[in-house]
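Note: the block below is work.csv and it holds CSV, C-alpha atoms.
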```
chain,number,residue,atom,x,y,z
A,1,MET,CA,21.9,-14.6,6.4
A,2,VAL,CA,23.6,-14.5,3.0
A,3,ASN,CA,22.4,-12.5,0.0
A,4,ARG,CA,21.0,-14.4,-3.0
A,5,ILE,CA,22.2,-12.6,-6.2
A,6,HIS,CA,21.5,-14.1,-9.6
A,7,PRO,CA,24.6,-14.5,-11.7
A,8,THR,CA,23.2,-12.3,-14.5
A,9,ALA,CA,22.7,-9.3,-12.1
A,10,VAL,CA,25.2,-6.5,-12.3
A,11,LEU,CA,26.4,-4.9,-9.0
A,12,GLY,CA,28.8,-2.0,-9.5
A,13,GLU,CA,31.4,-0.9,-7.1
A,14,GLY,CA,30.2,1.5,-4.4
A,15,VAL,CA,27.1,-0.7,-3.6
A,16,GLU,CA,26.8,-1.7,0.1
A,17,LEU,CA,24.4,-4.6,0.9
A,18,GLY,CA,23.0,-5.8,4.2
A,19,GLU,CA,21.9,-9.4,4.7
A,20,ASP,CA,19.2,-11.7,3.3
A,21,ASN,CA,18.6,-9.7,0.1
A,22,VAL,CA,17.4,-11.3,-3.1
A,23,ILE,CA,18.5,-9.7,-6.4
A,24,GLY,CA,17.0,-11.2,-9.5
A,25,PRO,CA,18.1,-11.9,-13.1
A,26,PHE,CA,19.4,-8.9,-15.1
A,27,ALA,CA,19.0,-6.4,-12.2
A,28,VAL,CA,21.5,-3.5,-12.3
A,29,VAL,CA,22.5,-1.9,-9.0
A,30,VAL,CA,25.3,0.7,-9.1
A,31,GLY,CA,26.8,3.0,-6.6
A,32,PRO,CA,26.9,5.0,-4.5
A,33,THR,CA,24.0,2.9,-3.1
A,34,THR,CA,23.3,1.4,0.3
A,35,ILE,CA,20.7,-1.3,0.8
A,36,GLY,CA,19.5,-2.7,4.1
A,37,ASP,CA,18.3,-6.2,4.9
A,38,GLY,CA,15.6,-8.6,3.6
A,39,ASN,CA,14.8,-6.7,0.4
A,40,TRP,CA,13.4,-8.5,-2.7
A,41,ILE,CA,14.7,-6.9,-5.9
A,42,GLY,CA,13.2,-8.4,-9.0
A,43,PRO,CA,14.3,-9.1,-12.5
A,44,HIS,CA,15.4,-6.1,-14.6
A,45,VAL,CA,15.3,-3.6,-11.8
A,46,THR,CA,17.6,-0.7,-12.2
A,47,ILE,CA,18.9,1.1,-9.1
A,48,GLY,CA,21.5,3.9,-9.0
A,49,THR,CA,21.7,5.2,-12.6
A,50,PRO,CA,22.1,9.0,-12.9
A,51,GLY,CA,19.2,11.4,-12.4
A,52,GLU,CA,17.5,12.5,-15.5
A,53,ASP,CA,19.1,15.9,-15.8
A,54,ARG,CA,20.6,17.1,-19.1
A,55,GLY,CA,23.3,19.1,-17.3
A,56,ARG,CA,24.7,16.4,-15.1
A,57,GLU,CA,27.3,13.7,-15.7
A,58,HIS,CA,26.2,10.3,-16.9
A,59,PRO,CA,28.9,7.9,-15.6
A,60,ALA,CA,29.0,4.2,-16.7
A,61,ALA,CA,28.9,3.2,-13.0
A,62,TRP,CA,28.6,-0.5,-13.9
A,63,ASP,CA,32.1,-0.3,-15.3
A,64,THR,CA,33.8,2.2,-13.0
A,65,ALA,CA,33.9,2.9,-9.3
A,66,PRO,CA,32.4,6.1,-7.9
A,67,THR,CA,35.0,8.9,-7.8
A,68,GLY,CA,33.8,10.3,-4.5
A,69,ASP,CA,32.6,13.5,-6.3
A,70,PRO,CA,28.8,13.7,-6.0
A,71,ASP,CA,28.6,16.1,-8.9
A,72,HIS,CA,30.0,13.3,-11.0
A,73,ASP,CA,28.7,10.2,-9.3
A,74,GLY,CA,25.3,11.5,-8.0
A,75,HIS,CA,24.4,12.0,-4.3
A,76,GLY,CA,23.6,8.4,-3.7
A,77,ILE,CA,20.7,6.1,-2.9
A,78,ALA,CA,19.7,4.7,0.5
A,79,ILE,CA,17.2,1.9,0.6
A,80,GLY,CA,16.0,0.4,3.9
A,81,SER,CA,14.9,-3.1,4.8
A,82,ARG,CA,12.1,-5.5,3.8
A,83,ASN,CA,11.1,-3.7,0.6
A,84,ARG,CA,9.7,-5.6,-2.4
A,85,ILE,CA,10.9,-4.0,-5.6
A,86,ARG,CA,9.2,-5.6,-8.5
A,87,GLU,CA,10.2,-6.1,-12.2
A,88,TYR,CA,11.5,-3.1,-14.2
A,89,VAL,CA,11.3,-0.6,-11.3
A,90,SER,CA,13.9,2.2,-11.6
A,91,VAL,CA,15.4,4.4,-8.9
A,92,HIS,CA,17.7,7.3,-9.8
A,93,GLN,CA,20.6,8.9,-8.1
A,94,GLY,CA,20.0,12.2,-6.3
A,95,THR,CA,21.3,15.4,-7.8
A,96,TRP,CA,21.6,17.4,-4.5
A,97,ARG,CA,20.5,14.9,-1.7
A,98,THR,CA,20.3,11.1,-1.3
A,99,THR,CA,17.3,9.5,-3.0
A,100,THR,CA,15.8,7.6,-0.1
A,101,ILE,CA,13.5,4.7,0.3
A,102,GLY,CA,12.4,3.6,3.8
A,103,ASP,CA,11.4,0.2,5.1
A,104,ASP,CA,8.5,-2.2,4.2
A,105,GLY,CA,7.6,-0.5,0.8
A,106,TYR,CA,6.0,-2.3,-2.1
A,107,PHE,CA,6.9,-1.0,-5.5
A,108,LEU,CA,5.0,-2.7,-8.3
A,109,ARG,CA,6.1,-3.4,-11.8
A,110,ASN,CA,7.6,-0.6,-13.9
A,111,SER,CA,7.2,2.1,-11.2
A,112,HIS,CA,9.8,4.9,-11.2
A,113,ILE,CA,11.4,6.8,-8.4
A,114,ALA,CA,13.2,9.8,-9.8
A,115,HIS,CA,16.2,11.7,-8.5
A,116,ASP,CA,16.1,13.3,-5.0
A,117,CYS,CA,12.8,11.6,-4.0
A,118,LEU,CA,12.1,10.8,-0.4
A,119,ILE,CA,9.9,7.7,0.1
A,120,ASP,CA,9.0,7.0,3.7
A,121,ASP,CA,8.0,3.6,5.3
A,122,ALA,CA,5.3,1.3,4.1
A,123,VAL,CA,4.6,3.2,0.9
A,124,THR,CA,2.9,1.4,-2.1
A,125,LEU,CA,3.5,2.5,-5.7
A,126,ALA,CA,1.3,0.5,-8.0
A,127,SER,CA,2.3,-0.6,-11.5
A,128,ASN,CA,3.5,2.2,-13.9
A,129,THR,CA,3.4,4.9,-11.2
A,130,VAL,CA,5.9,7.7,-12.1
A,131,LEU,CA,7.4,10.1,-9.6
A,132,GLY,CA,9.0,13.3,-10.8
A,133,GLY,CA,12.2,14.6,-9.1
A,134,HIS,CA,12.2,15.8,-5.5
A,135,VAL,CA,8.9,14.2,-4.6
A,136,HIS,CA,8.2,13.3,-1.0
A,137,ILE,CA,5.8,10.4,-0.3
A,138,TRP,CA,5.0,10.1,3.4
A,139,SER,CA,4.6,6.8,5.2
A,140,SER,CA,1.7,4.4,4.3
A,141,ALA,CA,0.6,6.4,1.3
A,142,ASN,CA,-0.8,4.2,-1.6
A,143,LEU,CA,-0.6,5.4,-5.2
A,144,GLY,CA,-2.8,3.6,-7.7
A,145,MET,CA,-1.8,2.2,-11.1
A,146,GLY,CA,-0.6,4.7,-13.7
A,147,THR,CA,-0.4,7.6,-11.2
A,148,THR,CA,1.9,10.5,-12.3
A,149,VAL,CA,3.3,12.9,-9.7
A,150,HIS,CA,4.8,16.3,-10.6
A,151,GLN,CA,8.2,17.4,-9.4
A,152,HIS,CA,8.5,18.7,-5.8
A,153,VAL,CA,5.0,17.5,-4.8
A,154,ARG,CA,4.3,16.1,-1.3
A,155,ILE,CA,1.8,13.3,-0.6
A,156,GLY,CA,0.8,13.0,3.0
A,157,PRO,CA,0.9,10.0,5.3
A,158,GLY,CA,-1.9,7.4,4.7
A,159,ALA,CA,-3.1,9.2,1.5
A,160,MET,CA,-4.6,7.2,-1.3
A,161,VAL,CA,-4.4,8.3,-4.9
A,162,GLY,CA,-6.6,6.7,-7.5
A,163,MET,CA,-5.3,5.1,-10.6
A,164,LEU,CA,-4.4,7.2,-13.6
A,165,SER,CA,-4.4,10.4,-11.5
A,166,ALA,CA,-2.1,13.3,-12.4
A,167,VAL,CA,-0.9,14.8,-9.1
A,168,ARG,CA,0.2,18.4,-9.5
A,169,ARG,CA,-0.1,19.7,-6.0
A,170,GLU,CA,0.1,18.5,-2.4
A,171,VAL,CA,-2.2,15.7,-1.3
A,172,GLY,CA,-3.1,15.9,2.4
A,173,ALA,CA,-2.7,13.3,5.1
A,174,PHE,CA,-5.2,10.4,5.1
A,175,THR,CA,-7.2,11.9,2.2
A,176,ILE,CA,-8.3,10.3,-1.1
A,177,ALA,CA,-7.4,12.1,-4.3
A,178,VAL,CA,-8.4,11.1,-7.9
A,179,GLY,CA,-8.5,12.6,-11.4
A,180,ASN,CA,-6.5,14.8,-13.8
A,181,PRO,CA,-5.6,17.0,-12.1
A,182,ALA,CA,-6.0,15.0,-8.9
A,183,ARG,CA,-8.5,16.5,-6.4
A,184,VAL,CA,-9.2,15.4,-2.9
A,185,THR,CA,-12.6,13.7,-2.8
A,186,GLY,CA,-12.7,12.5,0.8
A,187,VAL,CA,-11.0,11.1,3.9
A,188,ASN,CA,-9.3,7.7,4.0
A,189,VAL,CA,-11.7,6.5,6.6
A,190,VAL,CA,-10.7,2.8,6.1
A,191,GLY,CA,-7.0,3.6,6.7
A,192,LEU,CA,-7.8,5.6,9.8
A,193,SER,CA,-10.1,2.9,11.1
A,194,ARG,CA,-7.4,0.3,10.6
A,195,ARG,CA,-5.2,2.4,12.9
A,196,GLY,CA,-7.8,2.2,15.6
A,197,LEU,CA,-9.8,5.4,15.3
A,198,ASP,CA,-13.5,5.5,15.9
A,199,GLU,CA,-16.0,7.5,13.8
A,200,GLU,CA,-16.1,10.4,16.3
A,201,THR,CA,-12.4,10.9,16.2
A,202,ILE,CA,-12.2,10.6,12.4
A,203,GLU,CA,-15.0,13.2,12.2
A,204,ALA,CA,-13.1,15.5,14.6
A,205,LEU,CA,-10.0,15.2,12.4
A,206,GLY,CA,-12.0,15.8,9.2
A,207,PRO,CA,-11.7,19.6,8.7
A,208,TRP,CA,-7.9,19.5,9.4
A,209,LEU,CA,-7.4,16.6,7.0
A,210,LYS,CA,-9.3,18.4,4.2
A,211,GLY,CA,-7.3,21.6,4.8
A,212,LYS,CA,-10.3,23.5,6.0
A,213,GLY,CA,-9.3,24.0,9.5
A,214,ASP,CA,-6.5,23.8,12.1
A,215,LEU,CA,-5.7,20.8,14.2
A,216,ALA,CA,-8.0,20.8,17.2
A,217,ALA,CA,-6.4,22.6,20.1
A,218,ASP,CA,-8.0,20.3,22.7
A,219,GLY,CA,-5.2,17.8,22.7
A,220,LEU,CA,-6.8,15.5,20.1
A,221,ALA,CA,-3.4,14.8,18.4
A,222,ASP,CA,-2.0,13.6,21.8
A,223,ARG,CA,-4.9,11.2,22.2
A,224,LEU,CA,-4.3,9.4,19.0
A,225,PRO,CA,-2.4,6.0,18.9
A,226,GLY,CA,1.4,6.6,19.3
A,227,ASP,CA,2.6,6.2,15.7
A,228,LEU,CA,-0.4,8.1,14.3
A,229,SER,CA,0.0,10.9,16.8
A,230,THR,CA,3.6,11.3,15.7
A,231,LEU,CA,2.6,11.4,12.0
A,232,VAL,CA,-0.2,13.9,12.5
A,233,LYS,CA,2.0,16.2,14.5
A,234,ALA,CA,4.8,16.0,11.9
A,235,TRP,CA,2.4,16.7,9.0
A,236,ASP,CA,0.9,19.6,10.8
A,237,ALA,CA,4.4,21.1,11.4
A,238,ARG,CA,5.6,20.7,7.8
A,239,PRO,CA,6.6,23.9,6.0
A,240,LEU,CA,3.7,25.2,4.0
A,241,GLU,CA,4.0,25.4,0.2
A,242,ASN,CA,4.6,28.8,-1.4
```
Go through the file and emit its structure as structure tokens.
Amino acid sequence: MVNRIHPTAVLGEGVELGEDNVIGPFAVVVGPTTIGDGNWIGPHVTIGTPGEDRGREHPAAWDTAPTGDPDHDGHGIAIGSRNRIREYVSVHQGTWRTTTIGDDGYFLRNSHIAHDCLIDDAVTLASNTVLGGHVHIWSSANLGMGTTVHQHVRIGPGAMVGMLSAVRREVGAFTIAVGNPARVTGVNVVGLSRRGLDEETIEALGPWLKGKGDLAADGLADRLPGDLSTLVKAWDARPLEN
């Protein structure tokens, strides 16, 4: 299917589009950027401008093609498929790796994804959420309105962060965090239930989810539904923060 691009939108050279994308009025997308299929990109969205780093080049990529030198152009942006990117969202070029957005995300009005961020599948960023550079948001995490996330922070899969929170340190998988600074207040029982877990299984995972114990050695992770088992094992195997 063809892409629908409003005539006022600006697409610079070095932008690669898949199919069936909608790009709204006055959106700016510059390269190097790759975008998959079926994305909805709203009015005044900005994708591909330089990372906010005083020491880096700030090319006018809407006028000139990428040079092929990532120190000049940025290290690119990769966006998957079926994302909804609402009005005034901004996504910046990476400074040492590709700024990456997975599939099926929902990024509400005026949210910001800074340079070198990794955003996994099915993530929700509510209005006015701001991510610092190098942040990694794991799949199915949900950040409430006005959340601010410090540079280099990780937010685990299925985590929920309450609105107006200031996240300064890692938020664990399937936990709920709120406040300034954000603190874990419980387990995302609703999210786990929707993935098919019963109360007994959620209770067994509780200590590990809260960072107060190791993952049960009785094969619990292997008995979880397939996609959840994969996520739990991956989060458990992540490098620990210094």
Query raised in the report: For Glu170 of chain A, which residue out of A:Asn188, A:Gln151, A:Ser81, A:Thr64 is the nearest one, using only C-alpha atoms?
Result: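 Smallest distance to Glu170 of chain A is found for A:Gln151.
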Query - All residues 8 Å or closer to segment 87-104 of chain A, only C-alpha atoms, same chain fewer than 6 positions away omitted, as an MDAnalysis selection string - result: chainID A and resid 41:52 70:71 74:81 110:123
Query raised in the report: Could you work out how far atom CA of Asn180 of chain A lies from atom CA of Asp236 of chain A, giving the answer in Å with one decimal?
Result: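 It comes out at 26.1 Å.
Interatomic distance, atom CA of Asn21 of chain A to atom CA of Phe107 of chain A: 15.6 Å.
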Query raised in the report: Excluding same-chain residues fewer than 3 positions from Ile5 of chain A, what lies within 12 Å of it counting all atoms listed in the file, as a list in words?
Result: Val2, Thr8, Ala9, Val10, Leu11, Leu17, Glu19, Asp20, Asn21, Val22, Ile23, Gly24, Pro25, Phe26, Ala27, Val28, Val29, Asn39, Trp40, Ile41, Gly42 and Pro43 of chain A
Since we have the selection now, will you write its residues out, keeping C-alpha atoms, as a compact mmCIF listing (two decimals), keeping the file's coordinate frame?
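Once everything was written out, this is selection34.txt:
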```txt
# COMPACT_ATOMS: atom_id res chain seq x y z
CA VAL A 2 23.60 -14.50 3.00
CA THR A 8 23.20 -12.30 -14.50
CA ALA A 9 22.70 -9.30 -12.10
CA VAL A 10 25.20 -6.50 -12.30
CA LEU A 11 26.40 -4.90 -9.00
CA LEU A 17 24.40 -4.60 0.90
CA GLU A 19 21.90 -9.40 4.70
CA ASP A 20 19.20 -11.70 3.30
CA ASN A 21 18.60 -9.70 0.10
CA VAL A 22 17.40 -11.30 -3.10
CA ILE A 23 18.50 -9.70 -6.40
CA GLY A 24 17.00 -11.20 -9.50
CA PRO A 25 18.10 -11.90 -13.10
CA PHE A 26 19.40 -8.90 -15.10
CA ALA A 27 19.00 -6.40 -12.20
CA VAL A 28 21.50 -3.50 -12.30
CA VAL A 29 22.50 -1.90 -9.00
CA ASN A 39 14.80 -6.70 0.40
CA TRP A 40 13.40 -8.50 -2.70
CA ILE A 41 14.70 -6.90 -5.90
CA GLY A 42 13.20 -8.40 -9.00
CA PRO A 43 14.30 -9.10 -12.50
```
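In this model, the gap between atom CA of Arg4 of chain A and atom CA of Thr34 of chain A comes to 16.3 Å.
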Requested in this report: Counting only C-alpha atoms, figure out which residue out of A:Arg86, A:Ala159, A:Gly38, A:Val30 gets nearest to Pro59 of chain A.
Outcome: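 Closest residue, counting only C-alpha atoms: A:Val30.
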Report task. Check the smallest atom-to-atom distance from each of A:Pro66, A:Gly179, A:Pro7, A:Gly186 to Thr33 of chain A using all atoms listed in the file, then report the winner. Result -> A:Pro66
Query raised in the report: Between A:Asn3, A:Thr201, A:Thr67, A:Ser140, which is the closest to Gly31 of chain A once you count all atoms listed in the file?
Result: A:Thr67
Anything within 7 Å of (29.4, 0.6, -13.3): list those residues as a PDB file with C-alpha atoms, keeping the file's coordinate frame, counting only C-alpha atoms and sticking to the file's coordinates.
```pdb
ATOM      1  CA  GLY A  12      28.800  -2.000  -9.500  1.00  0.00           C
ATOM      2  CA  GLU A  13      31.400  -0.900  -7.100  1.00  0.00           C
ATOM      3  CA  VAL A  30      25.300   0.700  -9.100  1.00  0.00           C
ATOM      4  CA  ALA A  60      29.000   4.200 -16.700  1.00  0.00           C
ATOM      5  CA  ALA A  61      28.900   3.200 -13.000  1.00  0.00           C
ATOM      6  CA  TRP A  62      28.600  -0.500 -13.900  1.00  0.00           C
ATOM      7  CA  ASP A  63      32.100  -0.300 -15.300  1.00  0.00           C
ATOM      8  CA  THR A  64      33.800   2.200 -13.000  1.00  0.00           C
ATOM      9  CA  ALA A  65      33.900   2.900  -9.300  1.00  0.00           C
TER      10      ALA A  65
END
```
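For the choices A:Ile85, A:Val232, A:Val161, A:Ala204, the atom-to-atom distance to Ala173 of chain A is smallest for A:Val232 when using all atoms listed in the file.
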Long-range neighbours of Pro157 of chain A as an mmCIF file with C-alpha atoms, in the frame of the given file, 8 Å cut-off, all atoms listed in the file, 3 positions minimum in chain:
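Result saved to selection26.cif:
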```
data_model
loop_
_atom_site.group_PDB
_atom_site.id
_atom_site.type_symbol
_atom_site.label_atom_id
_atom_site.label_comp_id
_atom_site.auth_asym_id
_atom_site.auth_seq_id
_atom_site.Cartn_x
_atom_site.Cartn_y
_atom_site.Cartn_z
ATOM 1 C CA ILE A 137 5.800 10.400 -0.300
ATOM 2 C CA TRP A 138 5.000 10.100 3.400
ATOM 3 C CA SER A 139 4.600 6.800 5.200
ATOM 4 C CA SER A 140 1.700 4.400 4.300
ATOM 5 C CA ALA A 141 0.600 6.400 1.300
ATOM 6 C CA GLY A 172 -3.100 15.900 2.400
ATOM 7 C CA ALA A 173 -2.700 13.300 5.100
ATOM 8 C CA PHE A 174 -5.200 10.400 5.100
ATOM 9 C CA LEU A 231 2.600 11.400 12.000
ATOM 10 C CA TRP A 235 2.400 16.700 9.000
#
```
Report task. Write out as a ChimeraX atom specification the residues lying within 12 Å of Asp214 of chain A, counting all atoms listed in the file and excluding same-chain residues fewer than 3 positions away. Result -> /A:204-211,217-218,220-221,232-233,235-237
